[in-house]
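Some notes on the structure that comes next.
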Amino acid sequence: MNKTEKIARLAYLFGLLGLFGLFLGIVLSITIEYIQYGDKYSLLQFSLSELGTYNRSSTAILINGGLFFGSLSLTMSCLFGLQMSSRFTSGLFWLSLVITFISLAAIGLFPLNVHHLHIHAVSIYIYFGFVSAAFCLIECAIERKVPQCMPFILSCMILLIHGAILSHDYWRESLGGKPISDGMLFQAIVSQSPKPEVWWLSILFWCSIVAMWLWMLSICRWYFLPHRQGQTS
């Protein structure tokens, strides 16, 4: 086993561990909330941030722990990926992905109770998730390998989701002024009062978390695993 295969093995294992932590924390939290509140709880009306708010959610410690420890493990996976990068654009991709998962860990470390830090973490996650997906598209275009089709598709999904959050005129008009510059947009993602019947910004954020999870799983499967098994040229 050469050095690259060893690094890929560590990246793969840390990636799977982080994905498991995220999945366990989020799914357990949502399941317990549904058991406790039944039809009164809906993902269409409650944000991930509200689920992780202490004194409001009984499962806050579960989802925050999953976000924090799972994202830290994914950060380690991406740092190993950074060591495997051979191009400048590849290095930028892994670096932006590292920042994305650090910010996701910060969302769990600083829940909505710590308002300003939580909002900043959400904004960094949205911006760098968009940037890392864009760099992934560049990398897939350079590599032009069929096994990278799934990471390409999922990075397109993340670009669309994060782009919709950042640039859709509806959010600007409904929130007034320049929501991105003054923080109103990111505030509207995590908490709104009165609560709308269908909270589209919150739904998009949930979609982002799911797409990011699937995207990292595809990277583990179609990038780290072949390198670990020495199947790449």
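Letters for chains follow the order of the structure tokens (A, B, ...), residue numbers begin at 1 for each chain, and ligand numbers begin at 1 in the order shown.
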
Listing only residues of stretch 42-139 of chain A within 9 Å of stretch 17-20 of chain A, what is the closest atom pair and its distance in Å (to one decimal) for each, using only C-alpha atoms, sorted by chain and residue number ascending, as CSV?
residue,atom,partner,partner_atom,distance
A:Gly66,CA,A:Gly18,CA,8.5
A:Leu67,CA,A:Gly18,CA,8.9
A:Phe69,CA,A:Gly18,CA,7.1
A:Gly70,CA,A:Gly18,CA,3.9
A:Ser71,CA,A:Gly18,CA,6.0
A:Leu72,CA,A:Gly18,CA,7.2
A:Ser73,CA,A:Gly18,CA,4.7
A:Leu74,CA,A:Gly18,CA,5.0
A:Thr75,CA,A:Gly18,CA,8.5
A:Ser77,CA,A:Gly18,CA,8.4

I need the chosen residues saved as a compact mmCIF listing (two decimals), in the first residue's frame, with all heavy atoms.
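So selection14.txt came out as:
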# COMPACT_ATOMS: atom_id res chain seq x y z
N GLY A 66 -24.60 15.53 16.43
CA GLY A 66 -24.39 14.92 15.12
C GLY A 66 -23.76 15.88 14.14
O GLY A 66 -22.84 15.52 13.39
N LEU A 67 -24.25 17.14 14.14
CA LEU A 67 -23.69 18.15 13.24
C LEU A 67 -22.23 18.43 13.58
O LEU A 67 -21.37 18.52 12.69
CB LEU A 67 -24.50 19.44 13.34
CG LEU A 67 -25.87 19.46 12.67
CD1 LEU A 67 -26.63 20.73 13.04
CD2 LEU A 67 -25.73 19.36 11.15
N PHE A 69 -19.81 16.68 15.62
CA PHE A 69 -18.83 15.60 15.51
C PHE A 69 -18.81 15.01 14.10
O PHE A 69 -17.74 14.65 13.59
CB PHE A 69 -19.12 14.52 16.55
CG PHE A 69 -18.87 14.97 17.96
CD1 PHE A 69 -19.92 15.21 18.83
CD2 PHE A 69 -17.57 15.16 18.42
CE1 PHE A 69 -19.68 15.64 20.12
CE2 PHE A 69 -17.32 15.59 19.72
CZ PHE A 69 -18.38 15.84 20.57
N GLY A 70 -19.99 14.89 13.47
CA GLY A 70 -20.03 14.38 12.10
C GLY A 70 -19.30 15.28 11.13
O GLY A 70 -18.51 14.82 10.29
N SER A 71 -19.50 16.60 11.27
CA SER A 71 -18.86 17.55 10.36
C SER A 71 -17.36 17.63 10.61
O SER A 71 -16.58 17.83 9.68
CB SER A 71 -19.49 18.93 10.52
OG SER A 71 -20.85 18.90 10.15
N LEU A 72 -16.93 17.48 11.88
CA LEU A 72 -15.49 17.47 12.16
C LEU A 72 -14.83 16.27 11.50
O LEU A 72 -13.71 16.39 10.96
CB LEU A 72 -15.25 17.44 13.67
CG LEU A 72 -15.42 18.75 14.43
CD1 LEU A 72 -15.01 18.57 15.89
CD2 LEU A 72 -14.59 19.88 13.81
N SER A 73 -15.49 15.13 11.53
CA SER A 73 -14.95 13.94 10.87
C SER A 73 -14.88 14.15 9.36
O SER A 73 -13.90 13.76 8.71
CB SER A 73 -15.81 12.72 11.21
OG SER A 73 -15.27 11.55 10.63
N LEU A 74 -15.91 14.78 8.78
CA LEU A 74 -15.90 15.08 7.35
C LEU A 74 -14.83 16.11 7.00
O LEU A 74 -14.23 16.07 5.92
CB LEU A 74 -17.28 15.58 6.91
CG LEU A 74 -18.39 14.53 6.92
CD1 LEU A 74 -19.75 15.17 6.65
CD2 LEU A 74 -18.11 13.44 5.88
N THR A 75 -14.57 17.03 7.92
CA THR A 75 -13.48 17.99 7.72
C THR A 75 -12.15 17.27 7.63
O THR A 75 -11.32 17.59 6.76
CB THR A 75 -13.45 19.01 8.88
OG1 THR A 75 -14.68 19.72 8.93
CG2 THR A 75 -12.30 20.00 8.70
N SER A 77 -11.72 14.21 6.67
CA SER A 77 -11.75 13.50 5.40
C SER A 77 -11.32 14.42 4.26
O SER A 77 -10.52 14.04 3.39
CB SER A 77 -13.15 12.95 5.13
OG SER A 77 -13.23 12.31 3.88

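The list of residues with at least one atom within 12 Å of A:Leu28, based on only C-alpha atoms and without residues fewer than 5 positions apart in the same chain, reads Phe20, Gly21, Leu22, Phe23, Glu33, Tyr34, Ile35, Leu51, Ser58, Thr59, Ala60, Ile61, Leu62, Ile63, Asn64, Gly65 and Gly66 of chain A.
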
The selected residues should be written to file as a PDB file, in the first residue's frame (atoms: C-alpha atoms).
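File written: out-v8.pdb
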ATOM      1  CA  PHE A  20     -22.925   8.177   9.888  1.00  0.00           C
ATOM      2  CA  GLY A  21     -22.710  10.781  12.674  1.00  0.00           C
ATOM      3  CA  LEU A  22     -24.707  13.321  10.676  1.00  0.00           C
ATOM      4  CA  PHE A  23     -27.316  10.762   9.660  1.00  0.00           C
ATOM      5  CA  GLU A  33     -39.881  15.062  17.490  1.00  0.00           C
ATOM      6  CA  TYR A  34     -42.476  13.247  15.377  1.00  0.00           C
ATOM      7  CA  ILE A  35     -43.124  10.745  18.174  1.00  0.00           C
ATOM      8  CA  LEU A  51     -34.549  21.618  15.996  1.00  0.00           C
ATOM      9  CA  SER A  58     -35.843  18.165  23.537  1.00  0.00           C
ATOM     10  CA  THR A  59     -33.555  16.616  20.924  1.00  0.00           C
ATOM     11  CA  ALA A  60     -31.245  19.612  20.468  1.00  0.00           C
ATOM     12  CA  ILE A  61     -28.254  17.809  21.954  1.00  0.00           C
ATOM     13  CA  LEU A  62     -28.681  14.935  19.479  1.00  0.00           C
ATOM     14  CA  ILE A  63     -28.784  17.012  16.308  1.00  0.00           C
ATOM     15  CA  ASN A  64     -26.127  19.460  17.496  1.00  0.00           C
ATOM     16  CA  GLY A  65     -23.847  16.597  18.487  1.00  0.00           C
ATOM     17  CA  GLY A  66     -24.394  14.921  15.123  1.00  0.00           C
TER      18      GLY A  66
END

Which residues are near A:Ser103? Cut-off 8 Å, only C-alpha atoms, ignore same chain within fewer than 6 positions. Put them as a PyMOL selection string. chain A and resi 121-122+124-125

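Using only C-alpha atoms, the nearest neighbour of A:Met150 within the list A:His162, A:Arg221, A:His120, A:Lys195 is A:Arg221.
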
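Atom CA of A:Ser191 sits 25.7 Å away from atom CA of A:Leu97.
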
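Each of A:Ala133, A:Met84, A:Leu10, A:Ile203 was compared to A:Ser96 using only C-alpha atoms, and A:Ala133 turns out to be the nearest.
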
Which parts of chain A does DSSP call alpha helix (DSSP H) when run on the backbone here, written out as a ChimeraX atom specification? /A:3-37,48-51,60-84,88-109,115-143,149-167,169-175,179-182,184-190,200-219,225-228

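Computed from the coordinates, the atom CA of A:Ser47 to atom CA of A:Ser202 distance equals 5.3 Å.
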
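In this model, the gap between atom CA of A:Phe224 and atom CA of A:Trp94 comes to 12.8 Å.
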
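With only C-alpha atoms as the atoms that count, the minimum distance from A:Thr89 to the choices A:Tyr12, A:Trp215, A:Phe135, A:Tyr41 is reached by A:Phe135.
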
Find the spatial neighbours of A:Leu44, counting only C-alpha atoms, within a cut-off of 12 Å - ignore same-chain residues fewer than 6 positions away - and output them as an MDAnalysis selection string. chainID A and resid 195:207

Quick one: write out the picked residues with all heavy atoms as a short mmCIF file (atom, residue, chain, number, x, y, z; two decimals), in the first residue's frame?
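selection18.cif written:
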data_model
loop_
_atom_site.label_atom_id
_atom_site.label_comp_id
_atom_site.auth_asym_id
_atom_site.auth_seq_id
_atom_site.Cartn_x
_atom_site.Cartn_y
_atom_site.Cartn_z
N LYS A 195 -44.74 32.21 11.70
CA LYS A 195 -44.22 31.12 10.88
C LYS A 195 -45.14 30.89 9.68
O LYS A 195 -46.34 30.70 9.84
CB LYS A 195 -44.12 29.86 11.72
CG LYS A 195 -43.24 28.78 11.11
CD LYS A 195 -43.17 27.57 12.03
CE LYS A 195 -42.53 27.93 13.36
NZ LYS A 195 -41.11 28.30 13.18
N PRO A 196 -44.59 30.91 8.46
CA PRO A 196 -45.41 30.66 7.27
C PRO A 196 -45.87 29.20 7.20
O PRO A 196 -45.26 28.33 7.80
CB PRO A 196 -44.47 30.99 6.11
CG PRO A 196 -43.09 30.79 6.67
CD PRO A 196 -43.18 31.17 8.11
N GLU A 197 -46.95 28.96 6.46
CA GLU A 197 -47.46 27.59 6.33
C GLU A 197 -46.44 26.69 5.62
O GLU A 197 -46.26 25.54 6.00
CB GLU A 197 -48.78 27.60 5.56
CG GLU A 197 -49.93 28.21 6.33
CD GLU A 197 -51.24 28.06 5.58
OE1 GLU A 197 -51.24 27.39 4.52
OE2 GLU A 197 -52.25 28.60 6.04
N VAL A 198 -45.80 27.22 4.59
CA VAL A 198 -44.73 26.50 3.89
C VAL A 198 -43.51 27.41 3.89
O VAL A 198 -43.50 28.43 3.22
CB VAL A 198 -45.13 26.12 2.45
CG1 VAL A 198 -43.98 25.38 1.79
CG2 VAL A 198 -46.38 25.27 2.44
N TRP A 199 -42.50 27.02 4.64
CA TRP A 199 -41.32 27.84 4.87
C TRP A 199 -40.25 27.45 3.85
O TRP A 199 -39.41 26.61 4.10
CB TRP A 199 -40.86 27.62 6.29
CG TRP A 199 -39.79 28.51 6.80
CD1 TRP A 199 -39.09 29.46 6.11
CD2 TRP A 199 -39.28 28.54 8.13
NE1 TRP A 199 -38.19 30.08 6.92
CE2 TRP A 199 -38.29 29.53 8.17
CE3 TRP A 199 -39.55 27.82 9.28
CZ2 TRP A 199 -37.57 29.82 9.32
CZ3 TRP A 199 -38.85 28.10 10.43
CH2 TRP A 199 -37.88 29.09 10.45
N TRP A 200 -40.30 28.10 2.68
CA TRP A 200 -39.47 27.67 1.57
C TRP A 200 -37.97 27.80 1.84
O TRP A 200 -37.18 26.94 1.45
CB TRP A 200 -39.84 28.44 0.31
CG TRP A 200 -41.11 27.96 -0.31
CD1 TRP A 200 -42.31 28.61 -0.34
CD2 TRP A 200 -41.33 26.69 -0.95
NE1 TRP A 200 -43.27 27.84 -0.96
CE2 TRP A 200 -42.69 26.65 -1.34
CE3 TRP A 200 -40.52 25.60 -1.21
CZ2 TRP A 200 -43.24 25.56 -1.99
CZ3 TRP A 200 -41.07 24.50 -1.87
CH2 TRP A 200 -42.40 24.49 -2.25
N LEU A 201 -37.55 28.86 2.50
CA LEU A 201 -36.13 29.02 2.80
C LEU A 201 -35.63 27.91 3.71
O LEU A 201 -34.53 27.37 3.52
CB LEU A 201 -35.87 30.39 3.43
CG LEU A 201 -35.74 31.56 2.46
CD1 LEU A 201 -35.69 32.88 3.22
CD2 LEU A 201 -34.51 31.41 1.59
N SER A 202 -36.43 27.55 4.69
CA SER A 202 -36.05 26.45 5.58
C SER A 202 -36.04 25.12 4.83
O SER A 202 -35.16 24.28 5.05
CB SER A 202 -37.02 26.38 6.76
OG SER A 202 -36.70 25.29 7.60
N ILE A 203 -37.01 24.93 3.93
CA ILE A 203 -37.06 23.70 3.14
C ILE A 203 -35.82 23.58 2.26
O ILE A 203 -35.22 22.50 2.14
CB ILE A 203 -38.34 23.66 2.29
CG1 ILE A 203 -39.57 23.54 3.18
CG2 ILE A 203 -38.31 22.51 1.28
CD1 ILE A 203 -40.88 23.73 2.45
N LEU A 204 -35.43 24.69 1.64
CA LEU A 204 -34.21 24.68 0.82
C LEU A 204 -32.98 24.35 1.65
O LEU A 204 -32.07 23.66 1.17
CB LEU A 204 -34.04 26.04 0.13
CG LEU A 204 -34.98 26.33 -1.04
CD1 LEU A 204 -34.82 27.78 -1.50
CD2 LEU A 204 -34.70 25.38 -2.21
N PHE A 205 -32.96 24.82 2.90
CA PHE A 205 -31.81 24.52 3.76
C PHE A 205 -31.78 23.03 4.12
O PHE A 205 -30.72 22.41 4.13
CB PHE A 205 -31.86 25.38 5.03
CG PHE A 205 -30.58 25.35 5.82
CD1 PHE A 205 -29.42 25.89 5.30
CD2 PHE A 205 -30.53 24.78 7.09
CE1 PHE A 205 -28.24 25.86 6.02
CE2 PHE A 205 -29.36 24.75 7.81
CZ PHE A 205 -28.22 25.29 7.28
N TRP A 206 -32.96 22.45 4.39
CA TRP A 206 -33.02 21.01 4.61
C TRP A 206 -32.54 20.25 3.37
O TRP A 206 -31.79 19.27 3.48
CB TRP A 206 -34.46 20.58 4.94
CG TRP A 206 -34.89 20.78 6.36
CD1 TRP A 206 -35.84 21.65 6.82
CD2 TRP A 206 -34.42 20.07 7.51
NE1 TRP A 206 -35.98 21.54 8.18
CE2 TRP A 206 -35.12 20.58 8.63
CE3 TRP A 206 -33.47 19.08 7.70
CZ2 TRP A 206 -34.90 20.10 9.93
CZ3 TRP A 206 -33.24 18.61 9.00
CH2 TRP A 206 -33.96 19.12 10.08
N CYS A 207 -32.98 20.71 2.19
CA CYS A 207 -32.55 20.08 0.93
C CYS A 207 -31.05 20.18 0.76
O CYS A 207 -30.40 19.25 0.26
CB CYS A 207 -33.26 20.74 -0.25
SG CYS A 207 -35.02 20.41 -0.37
#

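With only C-alpha atoms as the basis for measurement, A:Ile26 is the residue among A:Ile102, A:Cys149, A:Leu82, A:Ile26 that approaches A:Trp213 most closely.
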
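Between A:Phe46 and the residues A:Ile119, A:Ile189, A:Val114, A:Ile161, the shortest atom-to-atom distance, using only C-alpha atoms, involves A:Ile189.
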